[in-house]
$ cat start13.cif   # mmCIF, C-alpha atoms; chains and numbers go by the auth columns
data_final
loop_
_atom_site.group_PDB
_atom_site.id
_atom_site.type_symbol
_atom_site.label_atom_id
_atom_site.label_comp_id
_atom_site.label_asym_id
_atom_site.label_seq_id
_atom_site.Cartn_x
_atom_site.Cartn_y
_atom_site.Cartn_z
_atom_site.B_iso_or_equiv
_atom_site.auth_seq_id
_atom_site.auth_asym_id
ATOM 1 C CA MET A 1 0.000 0.000 0.000 0.00 1 A
ATOM 2 C CA THR A 2 1.469 3.386 -0.974 0.00 2 A
ATOM 3 C CA THR A 3 1.851 6.258 1.513 0.00 3 A
ATOM 4 C CA THR A 4 -1.006 8.094 -0.209 0.00 4 A
ATOM 5 C CA SER A 5 -3.236 5.024 0.010 0.00 5 A
ATOM 6 C CA PHE A 6 -2.195 4.482 3.638 0.00 6 A
ATOM 7 C CA CYS A 7 -3.167 8.056 4.599 0.00 7 A
ATOM 8 C CA ALA A 8 -6.423 7.862 2.678 0.00 8 A
ATOM 9 C CA PHE A 9 -7.185 4.523 4.325 0.00 9 A
ATOM 10 C CA GLN A 10 -6.698 6.080 7.753 0.00 10 A
ATOM 11 C CA VAL A 11 -9.109 8.847 6.828 0.00 11 A
ATOM 12 C CA ALA A 12 -11.649 6.258 5.617 0.00 12 A
ATOM 13 C CA VAL A 13 -11.532 4.316 8.861 0.00 13 A
ATOM 14 C CA ALA A 14 -11.794 7.526 10.852 0.00 14 A
ATOM 15 C CA ALA A 15 -14.761 8.598 8.789 0.00 15 A
ATOM 16 C CA ALA A 16 -16.441 5.242 9.374 0.00 16 A
ATOM 17 C CA GLY A 17 -16.646 5.904 13.046 0.00 17 A
ATOM 18 C CA LEU A 18 -17.708 9.465 12.427 0.00 18 A
ATOM 19 C CA VAL A 19 -20.616 8.455 10.288 0.00 19 A
ATOM 20 C CA TRP A 20 -22.251 6.675 13.179 0.00 20 A
ATOM 21 C CA LEU A 21 -22.658 9.961 14.983 0.00 21 A
ATOM 22 C CA GLY A 22 -25.078 11.169 12.390 0.00 22 A
ATOM 23 C CA ALA A 23 -27.178 8.056 12.792 0.00 23 A
ATOM 24 C CA GLN A 24 -28.068 8.267 16.417 0.00 24 A
ATOM 25 C CA PRO A 25 -30.050 11.541 16.582 0.00 25 A
ATOM 26 C CA ALA A 26 -32.404 10.208 13.916 0.00 26 A
ATOM 27 C CA MET A 27 -33.734 7.575 16.315 0.00 27 A
ATOM 28 C CA ALA A 28 -35.965 8.625 19.208 0.00 28 A
ATOM 29 C CA GLY A 29 -34.492 7.877 22.631 0.00 29 A
ATOM 30 C CA VAL A 30 -31.070 6.897 21.330 0.00 30 A
ATOM 31 C CA VAL A 31 -29.324 10.285 21.175 0.00 31 A
ATOM 32 C CA ASP A 32 -28.960 10.686 24.933 0.00 32 A
ATOM 33 C CA ASP A 33 -27.712 7.098 25.249 0.00 33 A
ATOM 34 C CA MET A 34 -25.042 7.786 22.651 0.00 34 A
ATOM 35 C CA ALA A 35 -22.873 9.876 24.969 0.00 35 A
ATOM 36 C CA GLY A 36 -19.907 8.002 26.364 0.00 36 A
ATOM 37 C CA ARG A 37 -17.340 5.425 25.291 0.00 37 A
ATOM 38 C CA TRP A 38 -17.974 2.825 22.566 0.00 38 A
ATOM 39 C CA SER A 39 -15.592 0.134 21.340 0.00 39 A
ATOM 40 C CA GLY A 40 -15.392 -2.615 18.773 0.00 40 A
ATOM 41 C CA TRP A 41 -13.567 -4.267 15.914 0.00 41 A
ATOM 42 C CA GLY A 42 -13.440 -3.884 12.188 0.00 42 A
ATOM 43 C CA SER A 43 -11.762 -5.255 9.126 0.00 43 A
ATOM 44 C CA VAL A 44 -10.082 -3.666 6.161 0.00 44 A
ATOM 45 C CA GLN A 45 -10.227 -5.530 2.857 0.00 45 A
ATOM 46 C CA LEU A 46 -7.620 -4.405 0.354 0.00 46 A
ATOM 47 C CA GLU A 47 -8.207 -4.662 -3.384 0.00 47 A
ATOM 48 C CA ASN A 48 -5.503 -7.342 -3.538 0.00 48 A
ATOM 49 C CA GLY A 49 -7.613 -9.560 -1.240 0.00 49 A
ATOM 50 C CA GLN A 50 -5.633 -9.126 1.979 0.00 50 A
ATOM 51 C CA THR A 51 -7.631 -8.374 5.145 0.00 51 A
ATOM 52 C CA GLU A 52 -6.507 -6.804 8.414 0.00 52 A
ATOM 53 C CA GLN A 53 -8.395 -6.392 11.690 0.00 53 A
ATOM 54 C CA VAL A 54 -8.549 -3.027 13.528 0.00 54 A
ATOM 55 C CA LYS A 55 -9.643 -2.198 17.096 0.00 55 A
ATOM 56 C CA CYS A 56 -11.591 1.054 17.563 0.00 56 A
ATOM 57 C CA VAL A 57 -12.684 3.216 20.496 0.00 57 A
ATOM 58 C CA ALA A 58 -15.039 6.176 20.075 0.00 58 A
ATOM 59 C CA THR A 59 -16.164 8.799 22.594 0.00 59 A
ATOM 60 C CA TYR A 60 -19.346 10.790 21.903 0.00 60 A
ATOM 61 C CA PHE A 61 -20.522 14.135 23.288 0.00 61 A
ATOM 62 C CA VAL A 62 -24.190 15.023 22.641 0.00 62 A
ATOM 63 C CA GLU A 63 -25.251 18.678 22.717 0.00 63 A
ATOM 64 C CA LYS A 64 -28.180 20.908 21.747 0.00 64 A
ATOM 65 C CA ALA A 65 -30.799 18.233 22.483 0.00 65 A
ATOM 66 C CA GLY A 66 -29.212 15.814 20.011 0.00 66 A
ATOM 67 C CA ALA A 67 -28.925 18.238 17.102 0.00 67 A
ATOM 68 C CA SER A 68 -25.159 18.498 17.567 0.00 68 A
ATOM 69 C CA VAL A 69 -22.755 15.641 18.249 0.00 69 A
ATOM 70 C CA ARG A 70 -18.987 15.607 18.636 0.00 70 A
ATOM 71 C CA GLN A 71 -17.043 12.382 18.255 0.00 71 A
ATOM 72 C CA ASN A 72 -13.441 11.405 18.921 0.00 72 A
ATOM 73 C CA LEU A 73 -12.311 8.161 17.274 0.00 73 A
ATOM 74 C CA ARG A 74 -9.135 6.136 17.586 0.00 74 A
ATOM 75 C CA CYS A 75 -8.469 2.915 15.670 0.00 75 A
ATOM 76 C CA ALA A 76 -5.322 0.818 15.541 0.00 76 A
ATOM 77 C CA SER A 77 -3.873 -2.416 14.264 0.00 77 A
ATOM 78 C CA SER A 78 -0.340 -3.648 13.830 0.00 78 A
ATOM 79 C CA SER A 79 -0.033 -1.461 10.696 0.00 79 A
ATOM 80 C CA TYR A 80 -2.481 1.421 11.127 0.00 80 A
ATOM 81 C CA LYS A 81 -3.246 4.242 13.536 0.00 81 A
ATOM 82 C CA ILE A 82 -6.145 6.669 13.259 0.00 82 A
ATOM 83 C CA ASP A 83 -6.888 9.667 15.491 0.00 83 A
ATOM 84 C CA ALA A 84 -9.942 11.567 14.269 0.00 84 A
ATOM 85 C CA ARG A 85 -12.694 13.899 15.379 0.00 85 A
ATOM 86 C CA ALA A 86 -15.966 15.065 13.871 0.00 86 A
ATOM 87 C CA ASP A 87 -18.789 17.516 14.437 0.00 87 A
ATOM 88 C CA TYR A 88 -22.266 16.688 13.084 0.00 88 A
ATOM 89 C CA LEU A 89 -25.474 18.640 12.621 0.00 89 A
ATOM 90 C CA LEU A 90 -28.773 16.855 12.025 0.00 90 A
ATOM 91 C CA LYS A 91 -31.765 18.578 10.491 0.00 91 A
ATOM 92 C CA GLY A 92 -34.759 16.486 9.460 0.00 92 A
ATOM 93 C CA GLN A 93 -33.477 13.596 7.353 0.00 93 A
ATOM 94 C CA GLN A 94 -30.328 15.478 6.330 0.00 94 A
ATOM 95 C CA VAL A 95 -26.914 14.865 7.877 0.00 95 A
ATOM 96 C CA SER A 96 -24.040 17.311 7.474 0.00 96 A
ATOM 97 C CA GLY A 97 -20.759 17.802 9.214 0.00 97 A
ATOM 98 C CA THR A 98 -17.004 17.945 9.155 0.00 98 A
ATOM 99 C CA TRP A 99 -14.265 15.485 10.019 0.00 99 A
ATOM 100 C CA GLU A 100 -10.543 15.692 10.559 0.00 100 A
ATOM 101 C CA GLU A 101 -7.933 12.945 10.802 0.00 101 A
ATOM 102 C CA LEU A 102 -5.357 14.456 13.146 0.00 102 A
ATOM 103 C CA THR A 103 -2.407 12.169 12.414 0.00 103 A
ATOM 104 C CA HIS A 104 -2.190 13.302 8.779 0.00 104 A
ATOM 105 C CA ALA A 105 -4.098 16.614 8.956 0.00 105 A
ATOM 106 C CA ALA A 106 -6.751 15.433 6.470 0.00 106 A
ATOM 107 C CA LYS A 107 -10.033 17.352 6.481 0.00 107 A
ATOM 108 C CA GLY A 108 -13.347 16.946 4.720 0.00 108 A
ATOM 109 C CA ALA A 109 -17.132 17.035 4.807 0.00 109 A
ATOM 110 C CA ILE A 110 -19.836 14.422 5.223 0.00 110 A
ATOM 111 C CA SER A 111 -23.257 14.824 3.642 0.00 111 A
ATOM 112 C CA GLY A 112 -26.223 12.566 3.079 0.00 112 A
ATOM 113 C CA SER A 113 -29.534 11.383 4.418 0.00 113 A
ATOM 114 C CA HIS A 114 -31.069 8.869 6.810 0.00 114 A
ATOM 115 C CA THR A 115 -34.329 6.952 7.125 0.00 115 A
ATOM 116 C CA ASP A 116 -35.206 4.850 10.182 0.00 116 A
ATOM 117 C CA GLY A 117 -31.583 4.270 11.221 0.00 117 A
ATOM 118 C CA ASP A 118 -30.331 3.488 7.700 0.00 118 A
ATOM 119 C CA PHE A 119 -27.846 6.026 6.397 0.00 119 A
ATOM 120 C CA LYS A 120 -26.511 6.694 2.926 0.00 120 A
ATOM 121 C CA LEU A 121 -23.620 9.139 3.131 0.00 121 A
ATOM 122 C CA SER A 122 -20.737 10.524 1.118 0.00 122 A
ATOM 123 C CA ILE A 123 -17.390 11.740 2.356 0.00 123 A
ATOM 124 C CA ALA A 124 -15.500 14.356 0.348 0.00 124 A
ATOM 125 C CA GLY A 125 -12.069 15.803 1.006 0.00 125 A
ATOM 126 C CA ASP A 126 -9.206 17.197 -1.043 0.00 126 A
ATOM 127 C CA THR A 127 -7.594 13.766 -1.541 0.00 127 A
ATOM 128 C CA PHE A 128 -10.297 11.323 -0.521 0.00 128 A
ATOM 129 C CA SER A 129 -13.889 10.255 -1.248 0.00 129 A
ATOM 130 C CA ALA A 130 -16.063 7.324 -0.180 0.00 130 A
ATOM 131 C CA ARG A 131 -19.618 5.976 -0.035 0.00 131 A
ATOM 132 C CA ILE A 132 -20.917 4.850 3.337 0.00 132 A
ATOM 133 C CA ASN A 133 -23.841 2.590 4.229 0.00 133 A
ATOM 134 C CA MET A 134 -24.677 2.356 7.885 0.00 134 A
ATOM 135 C CA ASN A 135 -27.287 0.805 10.134 0.00 135 A
ATOM 136 C CA ALA A 136 -27.570 2.049 13.716 0.00 136 A
ATOM 137 C CA ALA A 137 -29.433 0.890 16.808 0.00 137 A
ATOM 138 C CA ALA A 138 -29.358 1.986 20.454 0.00 138 A
ATOM 139 C CA CYS A 139 -26.558 -0.388 21.550 0.00 139 A
ATOM 140 C CA GLN A 140 -24.659 -1.185 18.371 0.00 140 A
ATOM 141 C CA GLN A 141 -23.848 -0.008 14.908 0.00 141 A
ATOM 142 C CA SER A 142 -22.534 -1.472 11.669 0.00 142 A
ATOM 143 C CA ILE A 143 -20.680 0.613 9.121 0.00 143 A
ATOM 144 C CA ASN A 144 -19.496 -0.246 5.615 0.00 144 A
ATOM 145 C CA ILE A 145 -17.245 2.178 3.764 0.00 145 A
ATOM 146 C CA MET A 146 -16.339 1.842 0.116 0.00 146 A
ATOM 147 C CA PRO A 147 -13.397 4.158 -0.637 0.00 147 A
ATOM 148 C CA GLN A 148 -12.677 5.099 -4.225 0.00 148 A
ATOM 149 C CA ASN A 149 -9.270 4.669 -5.869 0.00 149 A
ATOM 150 C CA LEU A 150 -7.308 3.980 -2.676 0.00 150 A
ATOM 151 C CA GLY A 151 -6.347 0.334 -2.920 0.00 151 A
ATOM 152 C CA VAL A 152 -8.924 -0.419 -0.198 0.00 152 A
ATOM 153 C CA LYS A 153 -12.038 -2.298 -1.298 0.00 153 A
ATOM 154 C CA ARG A 154 -14.125 -2.139 1.885 0.00 154 A
ATOM 155 C CA ILE A 155 -13.880 -1.127 5.527 0.00 155 A
ATOM 156 C CA SER A 156 -16.366 -2.740 7.918 0.00 156 A
ATOM 157 C CA ILE A 157 -16.609 -1.676 11.578 0.00 157 A
ATOM 158 C CA GLY A 158 -18.919 -2.629 14.443 0.00 158 A
ATOM 159 C CA LEU A 159 -19.094 -0.704 17.732 0.00 159 A
ATOM 160 C CA LYS A 160 -20.998 -1.534 20.929 0.00 160 A
ATOM 161 C CA LYS A 161 -21.731 0.234 24.166 0.00 161 A
ATOM 162 C CA CYS A 162 -24.329 -1.947 25.929 0.00 162 A
#
$ encode --input "start13.cif" --output "structure tokens"
Amino acid sequence: MTTTSFCAFQVAVAAAGLVWLGAQPAMAGVVDDMAGRWSGWGSVQLENGQTEQVKCVATYFVEKAGASVRQNLRCASSSYKIDARADYLLKGQQVSGTWEELTHAAKGAISGSHTDGDFKLSIAGDTFSARINMNAAACQQSINIMPQNLGVKRISIGLKKC
């Protein structure tokens, strides 16, 4: 994996955790429960077929009655390290926000929509883009990220709190 692909991969994994933030306020009763520490595992599937497991921890801060959420995400494996943060705003079925991967100073925006806990989002930055499909519930979440032109085929992450 090239240095450019490695950095973009880190941003993709960071964004995966960030996407979940947008999901929670859409579901009644879940936003307040979101605050706190979540953890879980994920896998990265490279285009060459290799797969690597990553461990992730996310901390969420809910503000403005669930209309604003801040997330800090750290993921690591033997080869990767991600340190990211995001701020999300939710309005109706629309999700918008910003993310930043601190290790490599990558920044970008997330936009998209949600319906009943199912999210379809896009991430756009200067050197990175991806499609994200996510399903969220009160105690767990599943996230699938499909980066474009990075040498990474899919990133799948699951986080739990309960």
$ resolve_selection --input "start13.cif" --expression "the PyMOL selection byres ((chain A and resi 52-55) around 7)" --output "JSON, numbers by chain"
{"A": [40, 41, 42, 43, 44, 45, 50, 51, 56, 75, 76, 77]}
$ closest_residue --input "start13.cif" --among "A:Ile132, A:Lys160, A:Ala109, A:Gly125" --to "Met34 in chain A" --atoms "all atoms listed in the file"
A:Lys160
$ atom_distance --input "start13.cif" --atom1 "CA of Trp38 in chain A" --atom2 "CA of Gly108 in chain A"
23.2 Å
$ residues_near_point --input "start13.cif" --point "(-28.2, -1.1, 9.7)" --cutoff "10 Å" --atoms "all atoms listed in the file" --output "compact mmCIF listing (two decimals) with C-alpha atoms, in the frame of the given file"
# COMPACT_ATOMS: atom_id res chain seq x y z
CA ALA A 23 -27.18 8.06 12.79
CA ASP A 116 -35.21 4.85 10.18
CA GLY A 117 -31.58 4.27 11.22
CA ASP A 118 -30.33 3.49 7.70
CA PHE A 119 -27.85 6.03 6.40
CA ASN A 133 -23.84 2.59 4.23
CA MET A 134 -24.68 2.36 7.88
CA ASN A 135 -27.29 0.80 10.13
CA ALA A 136 -27.57 2.05 13.72
CA ALA A 137 -29.43 0.89 16.81
CA GLN A 140 -24.66 -1.18 18.37
CA GLN A 141 -23.85 -0.01 14.91
CA SER A 142 -22.53 -1.47 11.67
CA ILE A 143 -20.68 0.61 9.12
CA ASN A 144 -19.50 -0.25 5.62
$ resolve_selection --input "start13.cif" --expression "the PyMOL selection byres ((chain A and resi 153) around 10)" --output "short mmCIF file (atom, residue, chain, number, x, y, z; two decimals) with C-alpha atoms, in the coordinates of the input"
data_model
loop_
_atom_site.label_atom_id
_atom_site.label_comp_id
_atom_site.auth_asym_id
_atom_site.auth_seq_id
_atom_site.Cartn_x
_atom_site.Cartn_y
_atom_site.Cartn_z
CA VAL A 44 -10.08 -3.67 6.16
CA GLN A 45 -10.23 -5.53 2.86
CA LEU A 46 -7.62 -4.40 0.35
CA GLU A 47 -8.21 -4.66 -3.38
CA ASN A 48 -5.50 -7.34 -3.54
CA GLY A 49 -7.61 -9.56 -1.24
CA GLN A 50 -5.63 -9.13 1.98
CA THR A 51 -7.63 -8.37 5.14
CA ILE A 145 -17.24 2.18 3.76
CA MET A 146 -16.34 1.84 0.12
CA PRO A 147 -13.40 4.16 -0.64
CA GLN A 148 -12.68 5.10 -4.22
CA ASN A 149 -9.27 4.67 -5.87
CA LEU A 150 -7.31 3.98 -2.68
CA GLY A 151 -6.35 0.33 -2.92
CA VAL A 152 -8.92 -0.42 -0.20
CA ARG A 154 -14.12 -2.14 1.88
CA ILE A 155 -13.88 -1.13 5.53
#
$ atom_distance --input "start13.cif" --atom1 "CA of Ser113 in chain A" --atom2 "CA of Gly36 in chain A"
24.2 Å
$ closest_residue --input "start13.cif" --among "A:Leu89, A:Ile123, A:Ile157, A:Cys162" --to "Cys139 in chain A" --atoms "only C-alpha atoms"
A:Cys162
$ axis_aligned_box --input "start13.cif" --around "range 122-129 of chain A" --padding-each-side "5 Å" --output "AutoDock Vina command-line options"
--center_x -14.2 --center_y 13.7 --center_z 0.4 --size_x 23.1 --size_y 16.9 --size_z 13.9
$ closest_residue --input "start13.cif" --among "A:Ala86, A:Ala124, A:Ala67, A:Ala138" --to "Trp99 in chain A" --atoms "only C-alpha atoms"
A:Ala86
$ residues_around --input "start13.cif" --residues "Asp87 in chain A" --least-positions-apart "3" --cutoff "9 Å" --atoms "all atoms listed in the file" --output "compact mmCIF listing (two decimals) with C-alpha atoms, keeping the file's coordinate frame"
# COMPACT_ATOMS: atom_id res chain seq x y z
CA LEU A 18 -17.71 9.46 12.43
CA LEU A 21 -22.66 9.96 14.98
CA SER A 68 -25.16 18.50 17.57
CA VAL A 69 -22.76 15.64 18.25
CA ARG A 70 -18.99 15.61 18.64
CA GLN A 71 -17.04 12.38 18.26
CA SER A 96 -24.04 17.31 7.47
CA GLY A 97 -20.76 17.80 9.21
CA THR A 98 -17.00 17.94 9.15
CA TRP A 99 -14.26 15.48 10.02
$ residues_around --input "start13.cif" --residues "Ala106 in chain A" --least-positions-apart "3" --cutoff "8 Å" --atoms "all atoms listed in the file" --output "list of chain:residue names"
A:Val11, A:Glu100, A:Glu101, A:Leu102, A:Gly125
$ resolve_selection --input "start13.cif" --expression "the PyMOL selection byres ((chain A and resi 95) around 8)" --output "mmCIF file with C-alpha atoms, in the frame of the given file"
data_model
loop_
_atom_site.group_PDB
_atom_site.id
_atom_site.type_symbol
_atom_site.label_atom_id
_atom_site.label_comp_id
_atom_site.auth_asym_id
_atom_site.auth_seq_id
_atom_site.Cartn_x
_atom_site.Cartn_y
_atom_site.Cartn_z
ATOM 1 C CA GLY A 22 -25.078 11.169 12.390
ATOM 2 C CA TYR A 88 -22.266 16.688 13.084
ATOM 3 C CA LEU A 89 -25.474 18.640 12.621
ATOM 4 C CA LEU A 90 -28.773 16.855 12.025
ATOM 5 C CA LYS A 91 -31.765 18.578 10.491
ATOM 6 C CA GLN A 93 -33.477 13.596 7.353
ATOM 7 C CA GLN A 94 -30.328 15.478 6.330
ATOM 8 C CA SER A 96 -24.040 17.311 7.474
ATOM 9 C CA GLY A 97 -20.759 17.802 9.214
ATOM 10 C CA ILE A 110 -19.836 14.422 5.223
ATOM 11 C CA SER A 111 -23.257 14.824 3.642
ATOM 12 C CA GLY A 112 -26.223 12.566 3.079
ATOM 13 C CA SER A 113 -29.534 11.383 4.418
ATOM 14 C CA HIS A 114 -31.069 8.869 6.810
#
$ atom_distance --input "start13.cif" --atom1 "CA of Ser122 in chain A" --atom2 "CA of Ser78 in chain A"
27.9 Å
$ decode --input "start13.cif" --residues "range 79-102 of chain A" --atoms "N, CA and C atoms" --output "PDB file, in the first residue's frame"
ATOM      1  N   SER A  79      -0.547  -2.308  11.782  1.00  0.00           N
ATOM      2  CA  SER A  79      -0.033  -1.461  10.696  1.00  0.00           C
ATOM      3  C   SER A  79      -0.640  -0.071  10.615  1.00  0.00           C
ATOM      4  N   TYR A  80      -1.755   0.173  11.314  1.00  0.00           N
ATOM      5  CA  TYR A  80      -2.481   1.421  11.127  1.00  0.00           C
ATOM      6  C   TYR A  80      -2.774   2.108  12.451  1.00  0.00           C
ATOM      7  N   LYS A  81      -2.839   3.445  12.384  1.00  0.00           N
ATOM      8  CA  LYS A  81      -3.246   4.242  13.536  1.00  0.00           C
ATOM      9  C   LYS A  81      -4.089   5.389  13.017  1.00  0.00           C
ATOM     10  N   ILE A  82      -5.250   5.598  13.637  1.00  0.00           N
ATOM     11  CA  ILE A  82      -6.145   6.669  13.259  1.00  0.00           C
ATOM     12  C   ILE A  82      -6.496   7.462  14.514  1.00  0.00           C
ATOM     13  N   ASP A  83      -6.477   8.779  14.412  1.00  0.00           N
ATOM     14  CA  ASP A  83      -6.888   9.667  15.491  1.00  0.00           C
ATOM     15  C   ASP A  83      -7.731  10.757  14.846  1.00  0.00           C
ATOM     16  N   ALA A  84      -9.049  10.661  14.989  1.00  0.00           N
ATOM     17  CA  ALA A  84      -9.942  11.567  14.269  1.00  0.00           C
ATOM     18  C   ALA A  84     -10.990  12.179  15.178  1.00  0.00           C
ATOM     19  N   ARG A  85     -11.573  13.271  14.682  1.00  0.00           N
ATOM     20  CA  ARG A  85     -12.694  13.899  15.379  1.00  0.00           C
ATOM     21  C   ARG A  85     -13.687  14.408  14.338  1.00  0.00           C
ATOM     22  N   ALA A  86     -14.932  14.566  14.777  1.00  0.00           N
ATOM     23  CA  ALA A  86     -15.966  15.065  13.871  1.00  0.00           C
ATOM     24  C   ALA A  86     -17.006  15.852  14.639  1.00  0.00           C
ATOM     25  N   ASP A  87     -17.651  16.763  13.921  1.00  0.00           N
ATOM     26  CA  ASP A  87     -18.789  17.516  14.437  1.00  0.00           C
ATOM     27  C   ASP A  87     -19.924  17.338  13.440  1.00  0.00           C
ATOM     28  N   TYR A  88     -21.113  16.944  13.941  1.00  0.00           N
ATOM     29  CA  TYR A  88     -22.266  16.688  13.084  1.00  0.00           C
ATOM     30  C   TYR A  88     -23.441  17.559  13.463  1.00  0.00           C
ATOM     31  N   LEU A  89     -24.206  17.952  12.443  1.00  0.00           N
ATOM     32  CA  LEU A  89     -25.474  18.640  12.621  1.00  0.00           C
ATOM     33  C   LEU A  89     -26.538  17.811  11.928  1.00  0.00           C
ATOM     34  N   LEU A  90     -27.666  17.608  12.606  1.00  0.00           N
ATOM     35  CA  LEU A  90     -28.773  16.855  12.025  1.00  0.00           C
ATOM     36  C   LEU A  90     -29.988  17.758  11.916  1.00  0.00           C
ATOM     37  N   LYS A  91     -30.574  17.763  10.737  1.00  0.00           N
ATOM     38  CA  LYS A  91     -31.765  18.578  10.491  1.00  0.00           C
ATOM     39  C   LYS A  91     -32.704  17.769   9.619  1.00  0.00           C
ATOM     40  N   GLY A  92     -33.844  17.349  10.191  1.00  0.00           N
ATOM     41  CA  GLY A  92     -34.759  16.486   9.460  1.00  0.00           C
ATOM     42  C   GLY A  92     -34.059  15.194   9.092  1.00  0.00           C
ATOM     43  N   GLN A  93     -34.149  14.807   7.826  1.00  0.00           N
ATOM     44  CA  GLN A  93     -33.477  13.596   7.353  1.00  0.00           C
ATOM     45  C   GLN A  93     -32.083  13.873   6.800  1.00  0.00           C
ATOM     46  N   GLN A  94     -31.635  15.114   6.862  1.00  0.00           N
ATOM     47  CA  GLN A  94     -30.328  15.478   6.330  1.00  0.00           C
ATOM     48  C   GLN A  94     -29.248  15.418   7.405  1.00  0.00           C
ATOM     49  N   VAL A  95     -28.084  14.943   7.010  1.00  0.00           N
ATOM     50  CA  VAL A  95     -26.914  14.865   7.877  1.00  0.00           C
ATOM     51  C   VAL A  95     -25.814  15.678   7.218  1.00  0.00           C
ATOM     52  N   SER A  96     -25.180  16.558   7.988  1.00  0.00           N
ATOM     53  CA  SER A  96     -24.040  17.311   7.474  1.00  0.00           C
ATOM     54  C   SER A  96     -22.999  17.402   8.574  1.00  0.00           C
ATOM     55  N   GLY A  97     -21.782  17.674   8.197  1.00  0.00           N
ATOM     56  CA  GLY A  97     -20.759  17.802   9.214  1.00  0.00           C
ATOM     57  C   GLY A  97     -19.364  17.855   8.640  1.00  0.00           C
ATOM     58  N   THR A  98     -18.410  17.895   9.541  1.00  0.00           N
ATOM     59  CA  THR A  98     -17.004  17.945   9.155  1.00  0.00           C
ATOM     60  C   THR A  98     -16.242  16.881   9.925  1.00  0.00           C
ATOM     61  N   TRP A  99     -15.143  16.431   9.347  1.00  0.00           N
ATOM     62  CA  TRP A  99     -14.265  15.485  10.019  1.00  0.00           C
ATOM     63  C   TRP A  99     -12.827  15.892   9.778  1.00  0.00           C
ATOM     64  N   GLU A 100     -11.970  15.421  10.683  1.00  0.00           N
ATOM     65  CA  GLU A 100     -10.543  15.692  10.559  1.00  0.00           C
ATOM     66  C   GLU A 100      -9.775  14.505  11.111  1.00  0.00           C
ATOM     67  N   GLU A 101      -8.838  13.997  10.339  1.00  0.00           N
ATOM     68  CA  GLU A 101      -7.933  12.945  10.802  1.00  0.00           C
ATOM     69  C   GLU A 101      -6.671  13.660  11.248  1.00  0.00           C
ATOM     70  N   LEU A 102      -6.411  13.637  12.558  1.00  0.00           N
ATOM     71  CA  LEU A 102      -5.357  14.456  13.146  1.00  0.00           C
ATOM     72  C   LEU A 102      -3.950  13.990  12.819  1.00  0.00           C
TER      73      LEU A 102
END
